[in-house]
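Source file: coords35.cif. Holds: mmCIF, C-alpha atoms.
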```
data_protein
#
loop_
_atom_site.group_PDB
_atom_site.id
_atom_site.type_symbol
_atom_site.label_atom_id
_atom_site.label_comp_id
_atom_site.auth_asym_id
_atom_site.auth_seq_id
_atom_site.Cartn_x
_atom_site.Cartn_y
_atom_site.Cartn_z
ATOM 1 C CA MET A 1052 9.922 -3.234 -7.329
ATOM 2 C CA ARG A 1053 9.275 -2.861 -3.606
ATOM 3 C CA HIS A 1054 6.329 -5.258 -3.885
ATOM 4 C CA LEU A 1055 8.609 -7.883 -5.413
ATOM 5 C CA ALA A 1056 11.246 -7.251 -2.751
ATOM 6 C CA ASN A 1057 8.632 -7.575 -0.027
ATOM 7 C CA PHE A 1058 7.390 -10.862 -1.516
ATOM 8 C CA CYS A 1059 10.941 -12.249 -1.702
ATOM 9 C CA SER A 1060 11.621 -11.119 1.849
ATOM 10 C CA VAL A 1061 8.590 -13.048 3.098
ATOM 11 C CA ILE A 1062 9.130 -16.307 1.199
ATOM 12 C CA LEU A 1063 12.856 -16.283 2.062
ATOM 13 C CA HIS A 1064 12.198 -15.835 5.775
ATOM 14 C CA PRO A 1065 14.937 -17.408 7.950
ATOM 15 C CA LEU A 1066 12.547 -20.050 9.316
ATOM 16 C CA PHE A 1067 11.638 -21.137 5.776
ATOM 17 C CA LEU A 1068 15.319 -21.409 4.850
ATOM 18 C CA LEU A 1069 16.017 -23.492 7.953
ATOM 19 C CA ASN A 1070 13.251 -25.920 7.048
ATOM 20 C CA ALA A 1071 14.406 -26.031 3.416
ATOM 21 C CA GLY A 1072 17.869 -27.080 4.586
ATOM 22 C CA LEU A 1073 16.538 -29.752 6.930
ATOM 23 C CA PHE A 1074 14.122 -31.048 4.280
ATOM 24 C CA ALA A 1075 16.930 -31.289 1.724
ATOM 25 C CA ILE A 1076 19.082 -33.338 4.098
ATOM 26 C CA LEU A 1077 16.306 -35.724 5.071
ATOM 27 C CA ARG A 1078 14.976 -36.176 1.550
ATOM 28 C CA PHE A 1079 18.110 -36.204 -0.613
ATOM 29 C CA HIS A 1080 21.098 -37.172 1.529
ATOM 30 C CA PRO A 1081 21.956 -40.800 0.576
ATOM 31 C CA TYR A 1082 22.215 -41.897 4.216
ATOM 32 C CA PHE A 1083 18.816 -40.546 5.258
ATOM 33 C CA VAL A 1084 17.106 -41.646 2.045
ATOM 34 C CA SER A 1085 18.089 -45.223 2.905
ATOM 35 C CA LYS A 1086 17.320 -44.782 6.612
ATOM 36 C CA PHE A 1087 13.656 -43.751 6.488
ATOM 37 C CA TYR A 1088 10.563 -45.058 4.764
ATOM 38 C CA ASP A 1089 8.305 -42.400 3.236
ATOM 39 C CA GLU A 1090 5.914 -42.549 6.185
ATOM 40 C CA GLN A 1091 8.757 -42.032 8.655
ATOM 41 C CA PHE A 1092 10.110 -39.162 6.565
ATOM 42 C CA TYR A 1093 6.739 -37.389 6.508
ATOM 43 C CA THR A 1094 6.212 -37.893 10.241
ATOM 44 C CA LEU A 1095 9.659 -36.546 11.069
ATOM 45 C CA SER A 1096 9.304 -33.640 8.642
ATOM 46 C CA MET A 1097 5.952 -32.706 10.162
ATOM 47 C CA PHE A 1098 7.368 -32.796 13.686
ATOM 48 C CA ILE A 1099 10.277 -30.557 12.677
ATOM 49 C CA ALA A 1100 8.072 -28.139 10.700
ATOM 50 C CA VAL A 1101 5.602 -27.712 13.575
ATOM 51 C CA ASN A 1102 8.371 -26.947 16.077
ATOM 52 C CA THR A 1103 10.676 -24.871 13.891
ATOM 53 C CA LEU A 1104 8.153 -23.081 11.680
ATOM 54 C CA VAL A 1105 4.542 -23.185 12.895
ATOM 55 C CA MET A 1106 5.220 -22.609 16.603
ATOM 56 C CA PRO A 1107 7.756 -19.777 16.063
ATOM 57 C CA LEU A 1108 5.391 -17.990 13.664
ATOM 58 C CA LEU A 1109 2.516 -18.470 16.116
ATOM 59 C CA SER A 1110 4.703 -17.050 18.875
ATOM 60 C CA VAL A 1111 5.454 -13.957 16.797
ATOM 61 C CA TYR A 1112 1.729 -13.557 16.069
ATOM 62 C CA LEU A 1113 0.896 -13.707 19.782
ATOM 63 C CA LEU A 1114 3.659 -11.240 20.646
ATOM 64 C CA LYS A 1115 2.201 -8.853 18.075
ATOM 65 C CA ARG A 1116 -1.337 -9.527 19.312
ATOM 66 C CA PHE A 1117 -0.376 -8.577 22.880
ATOM 67 C CA LYS A 1118 1.720 -5.617 21.709
ATOM 68 C CA PHE A 1119 5.148 -6.919 22.751
ATOM 69 C CA ILE A 1120 6.315 -6.131 19.207
ATOM 70 C CA ASP A 1121 5.153 -3.456 16.766
ATOM 71 C CA ASP A 1122 4.996 -5.560 13.606
ATOM 72 C CA PHE A 1123 5.477 -9.096 12.338
ATOM 73 C CA ARG A 1124 8.812 -8.179 10.748
ATOM 74 C CA ILE A 1125 10.131 -7.189 14.192
ATOM 75 C CA SER A 1126 11.667 -4.167 12.501
ATOM 76 C CA ASN A 1127 12.485 -2.528 15.847
ATOM 77 C CA PRO A 1128 15.824 -4.077 16.948
ATOM 78 C CA LYS A 1129 15.037 -3.348 20.608
ATOM 79 C CA GLN A 1130 12.032 -5.704 20.436
ATOM 80 C CA ARG A 1131 13.918 -8.715 19.059
ATOM 81 C CA LEU A 1132 15.143 -10.222 22.334
ATOM 82 C CA MET A 1133 11.900 -11.940 23.339
ATOM 83 C CA PRO A 1134 10.865 -13.413 19.941
ATOM 84 C CA TYR A 1135 14.405 -14.537 19.145
ATOM 85 C CA ALA A 1136 14.787 -16.119 22.577
ATOM 86 C CA ILE A 1137 11.503 -17.993 22.090
ATOM 87 C CA ILE A 1138 12.664 -19.227 18.687
ATOM 88 C CA ALA A 1139 15.991 -20.366 20.158
ATOM 89 C CA MET A 1140 14.146 -22.292 22.890
ATOM 90 C CA LEU A 1141 11.828 -23.957 20.358
ATOM 91 C CA LEU A 1142 14.821 -24.997 18.251
ATOM 92 C CA ALA A 1143 16.565 -26.295 21.368
ATOM 93 C CA PHE A 1144 13.437 -28.272 22.327
ATOM 94 C CA THR A 1145 13.286 -29.800 18.832
ATOM 95 C CA THR A 1146 16.974 -30.715 19.008
ATOM 96 C CA TYR A 1147 16.544 -32.291 22.439
ATOM 97 C CA GLN A 1148 13.535 -34.336 21.342
ATOM 98 C CA LEU A 1149 15.339 -35.619 18.263
ATOM 99 C CA TYR A 1150 18.408 -36.516 20.313
ATOM 100 C CA ASN A 1151 16.239 -38.165 22.962
ATOM 101 C CA ASN A 1152 14.761 -40.368 20.238
ATOM 102 C CA GLU A 1153 18.236 -41.387 19.082
ATOM 103 C CA PHE A 1154 18.151 -39.235 15.964
ATOM 104 C CA TYR A 1155 21.735 -38.144 15.365
ATOM 105 C CA GLY A 1156 23.872 -36.812 12.555
ATOM 106 C CA LEU A 1157 23.869 -33.861 10.170
ATOM 107 C CA PRO A 1158 20.297 -32.530 10.700
ATOM 108 C CA LEU A 1159 20.882 -32.369 14.452
ATOM 109 C CA VAL A 1160 24.222 -30.579 14.023
ATOM 110 C CA PHE A 1161 22.637 -28.132 11.563
ATOM 111 C CA LEU A 1162 19.926 -27.369 14.111
ATOM 112 C CA ILE A 1163 22.561 -26.771 16.793
ATOM 113 C CA ALA A 1164 24.459 -24.457 14.433
ATOM 114 C CA THR A 1165 21.213 -22.556 13.814
ATOM 115 C CA ILE A 1166 20.670 -22.141 17.560
ATOM 116 C CA VAL A 1167 24.197 -20.750 17.891
ATOM 117 C CA CYS A 1168 23.420 -18.283 15.079
ATOM 118 C CA VAL A 1169 20.214 -17.147 16.801
ATOM 119 C CA ILE A 1170 22.022 -16.648 20.122
ATOM 120 C CA ALA A 1171 24.835 -14.766 18.367
ATOM 121 C CA ASN A 1172 22.186 -12.625 16.673
ATOM 122 C CA ILE A 1173 20.646 -11.785 20.042
ATOM 123 C CA LEU A 1174 24.013 -10.839 21.567
ATOM 124 C CA ILE A 1175 25.202 -8.811 18.586
ATOM 125 C CA ASN A 1176 21.852 -7.034 18.395
ATOM 126 C CA ILE A 1177 22.562 -5.436 21.783
ATOM 127 C CA LYS A 1178 25.092 -3.135 20.125
ATOM 128 C CA PHE A 1179 24.698 -3.587 16.383
ATOM 129 C CA THR A 1180 21.727 -4.440 14.168
ATOM 130 C CA ILE A 1181 22.437 -7.375 11.884
ATOM 131 C CA SER A 1182 20.328 -8.991 9.169
ATOM 132 C CA SER A 1183 18.633 -12.218 10.270
ATOM 133 C CA HIS A 1184 17.731 -12.960 6.648
ATOM 134 C CA ALA A 1185 21.395 -12.740 5.676
ATOM 135 C CA ILE A 1186 22.461 -14.957 8.591
ATOM 136 C CA ALA A 1187 19.983 -17.631 7.482
ATOM 137 C CA ALA A 1188 21.082 -17.342 3.848
ATOM 138 C CA GLY A 1189 24.736 -17.648 4.847
ATOM 139 C CA GLY A 1190 23.942 -20.698 6.950
ATOM 140 C CA LEU A 1191 22.093 -22.351 4.072
ATOM 141 C CA VAL A 1192 24.998 -21.734 1.696
ATOM 142 C CA ALA A 1193 27.385 -23.169 4.312
ATOM 143 C CA LEU A 1194 25.265 -26.321 4.615
ATOM 144 C CA PHE A 1195 25.406 -27.062 0.905
ATOM 145 C CA LEU A 1196 29.065 -26.057 0.654
ATOM 146 C CA PHE A 1197 29.761 -28.634 3.348
ATOM 147 C CA LEU A 1198 27.739 -31.302 1.558
ATOM 148 C CA THR A 1199 29.375 -30.683 -1.824
ATOM 149 C CA LEU A 1200 32.980 -29.772 -0.932
ATOM 150 C CA ILE A 1201 33.498 -31.794 2.259
ATOM 151 C CA GLU A 1202 31.162 -34.771 1.888
ATOM 152 C CA HIS A 1203 31.363 -34.738 -1.946
ATOM 153 C CA ILE A 1204 27.671 -35.548 -2.458
ATOM 154 C CA ALA A 1205 26.977 -34.564 -6.066
ATOM 155 C CA VAL A 1206 23.187 -34.507 -5.639
ATOM 156 C CA PHE A 1207 23.542 -31.270 -3.669
ATOM 157 C CA ASN A 1208 25.359 -29.354 -6.437
ATOM 158 C CA TRP A 1209 22.074 -27.854 -7.643
ATOM 159 C CA TRP A 1210 21.045 -27.109 -4.069
ATOM 160 C CA LEU A 1211 24.306 -25.191 -3.592
ATOM 161 C CA MET A 1212 23.714 -23.085 -6.695
ATOM 162 C CA GLY A 1213 20.134 -22.501 -5.598
ATOM 163 C CA SER A 1214 21.233 -21.425 -2.113
ATOM 164 C CA VAL A 1215 23.679 -18.888 -3.572
ATOM 165 C CA LEU A 1216 20.852 -17.499 -5.727
ATOM 166 C CA VAL A 1217 18.566 -17.400 -2.686
ATOM 167 C CA ALA A 1218 21.231 -15.519 -0.715
ATOM 168 C CA GLY A 1219 21.542 -12.938 -3.473
ATOM 169 C CA ILE A 1220 17.788 -12.428 -3.790
ATOM 170 C CA SER A 1221 17.325 -12.267 -0.027
ATOM 171 C CA SER A 1222 20.081 -9.655 0.337
ATOM 172 C CA TRP A 1223 18.669 -7.641 -2.564
ATOM 173 C CA SER A 1224 15.194 -7.659 -1.021
ATOM 174 C CA ARG A 1225 16.416 -6.441 2.373
ATOM 175 C CA LEU A 1226 18.477 -3.649 0.789
ATOM 176 C CA THR A 1227 15.650 -2.624 -1.561
ATOM 177 C CA LEU A 1228 13.242 -2.385 1.364
ATOM 178 C CA ASN A 1229 15.817 -0.332 3.315
ATOM 179 C CA ALA A 1230 15.442 -2.864 6.120
ATOM 180 C CA HIS A 1231 19.234 -3.084 6.459
ATOM 181 C CA THR A 1232 22.408 -1.408 5.312
ATOM 182 C CA GLU A 1233 24.977 -3.205 3.172
ATOM 183 C CA LYS A 1234 27.201 -3.590 6.241
ATOM 184 C CA GLN A 1235 24.399 -5.287 8.178
ATOM 185 C CA VAL A 1236 23.633 -7.654 5.297
ATOM 186 C CA TYR A 1237 27.241 -8.587 4.548
ATOM 187 C CA SER A 1238 28.114 -9.079 8.214
ATOM 188 C CA GLY A 1239 25.010 -11.233 8.683
ATOM 189 C CA PHE A 1240 25.855 -13.432 5.714
ATOM 190 C CA SER A 1241 29.451 -13.806 6.895
ATOM 191 C CA LEU A 1242 28.312 -14.754 10.386
ATOM 192 C CA GLY A 1243 25.881 -17.416 9.176
ATOM 193 C CA LEU A 1244 28.390 -18.845 6.706
ATOM 194 C CA ALA A 1245 31.259 -18.988 9.201
ATOM 195 C CA VAL A 1246 29.330 -20.338 12.205
ATOM 196 C CA VAL A 1247 27.448 -23.063 10.337
ATOM 197 C CA MET A 1248 30.459 -24.191 8.323
ATOM 198 C CA LEU A 1249 32.705 -24.345 11.394
ATOM 199 C CA ILE A 1250 30.192 -26.322 13.465
ATOM 200 C CA LEU A 1251 29.457 -28.735 10.622
ATOM 201 C CA MET A 1252 33.155 -29.361 9.970
ATOM 202 C CA VAL A 1253 33.865 -30.023 13.657
ATOM 203 C CA PHE A 1254 30.805 -32.021 14.710
ATOM 204 C CA ALA A 1255 29.038 -33.449 11.623
#
```
As structure tokens, how would this structure be written, given the file I've shared?
Amino acid sequence: MRHLANFCSVILHPLFLLNAGLFAILRFHPYFVSKFYDEQFYTLSMFIAVNTLVMPLLSVYLLKRFKFIDDFRISNPKQRLMPYAIIAMLLAFTTYQLYNNEFYGLPLVFLIATIVCVIANILINIKFTISSHAIAAGGLVALFLFLTLIEHIAVFNWWLMGSVLVAGISSWSRLTLNAHTEKQVYSGFSLGLAVVMLILMVFA
């Protein structure tokens, strides 16, 4: 069972969930489907994936290689400041580049909400360990709640149900691995859900 939990924990990494949310918006939102040709979509998706997935994972690898962190999971809360700060800066750089190229709207706001979640994670982690997986899962659920309940885009109904399932599996995996307590998981999910939903409702 632990092997399954470990597998789920890896494939439902917060960076993967972020990219899944951005991909869903760009590929299935009616506005962006009509806005981009396939070639433009693939170019934009590649740019986002490199900056929000490849570079952060490479940064974590280098931090582990030079012994700034003990393991790739960053299981020691005291070692999370540097990798999380690097991730926040990479997300901010991606957001700035998109904005600078006149790319506006929901994906940009979702990225900003994610940055706020990462910064909140860093600050909270000073006193209290919180689950990053749960924050990401809560943020993903909030994104699809916003798209279905606020924007009333029916195509995202299945994405919403999938995100709720993902949140449940992610939480189960972290609890099974004893990586977090129930309090840390529930508080993380609540934080991600509340922050992302609030920012989307105000700015998107």
_Selection dump of the PyMOL selection byres ((chain A and resi 1188-1196) around 8), as a PyMOL selection string_ = chain A and resi 1065+1068-1069+1072+1161+1165+1184-1187+1197-1201+1207-1208+1210-1211+1214-1215+1217-1218+1221+1239-1248+1251
*Proximity to Ala1230 in chain A - best of A:Val1206, A:Ile1125, A:Ile1170, A:Val1101, all atoms listed in the file*: A:Ile1125
*Enter the distance from CA of Pro1081 in chain A to CA of Ile1250 in chain A, in Å, rounded to one decimal.*
21.1 Å
*Do you have the CA of Val1253 in chain A-CA of Ala1164 in chain A distance handy?*
11.0 Å
Please define a box with edges along x, y and z of the file around all atoms of range 1206-1215 of chain A given in the file, extend it by 3 Å on each side, and return its centre and edge lengths in Å to one decimal, as AutoDock Vina command-line options.
```
--center_x 22.7 --center_y -26.7 --center_z -4.9 --size_x 11.2 --size_y 21.6 --size_z 11.5
```
*asked:* Going by the chain IDs and residue numbers used in this file, which residues fall under the PyMOL selection byres ((chain A and resi 1077) around 12)? Write them as number ranges by chain.
replied: A: 1070-1076, 1078-1089, 1091-1097, 1099, 1154-1159, 1161
*asked:* List the spatial neighbours of range 1135-1144 of chain A as a PyMOL selection string - criterion: any atom at most 10 Å away, all atoms listed in the file, same-chain residues fewer than 4 positions off excluded.
replied: chain A and resi 1066+1099+1101-1104+1106-1108+1110-1111+1125+1130-1131+1148-1150+1162-1163+1165-1170+1172-1173
*Tell me, in Å to one decimal, how far CA of Thr1232 in chain A is from CA of Met1212 in chain A.*
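Separating CA of Thr1232 in chain A from CA of Met1212 in chain A is a distance of 24.8 Å.
Look at Leu1226 in chain A: the protein and nucleic acid residues within 12 Å of it, using only C-alpha atoms and passing over chain neighbours fewer than 6 places away, are Met1052, Arg1053, Ala1056, Asn1057, Cys1059, Ser1060, Ser1182, His1184, Ala1185, Gly1219, Ile1220, Thr1232, Glu1233, Lys1234, Gln1235, Val1236 and Tyr1237 of chain A.
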*asked:* Here is a test: counting all atoms listed in the file, which residue of A:His1054, A:His1064, A:Ala1100, A:Ala1255 is nearest to Arg1124 in chain A?
replied: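 Among A:His1054, A:His1064, A:Ala1100, A:Ala1255, it is A:His1064 that comes nearest to Arg1124 in chain A.
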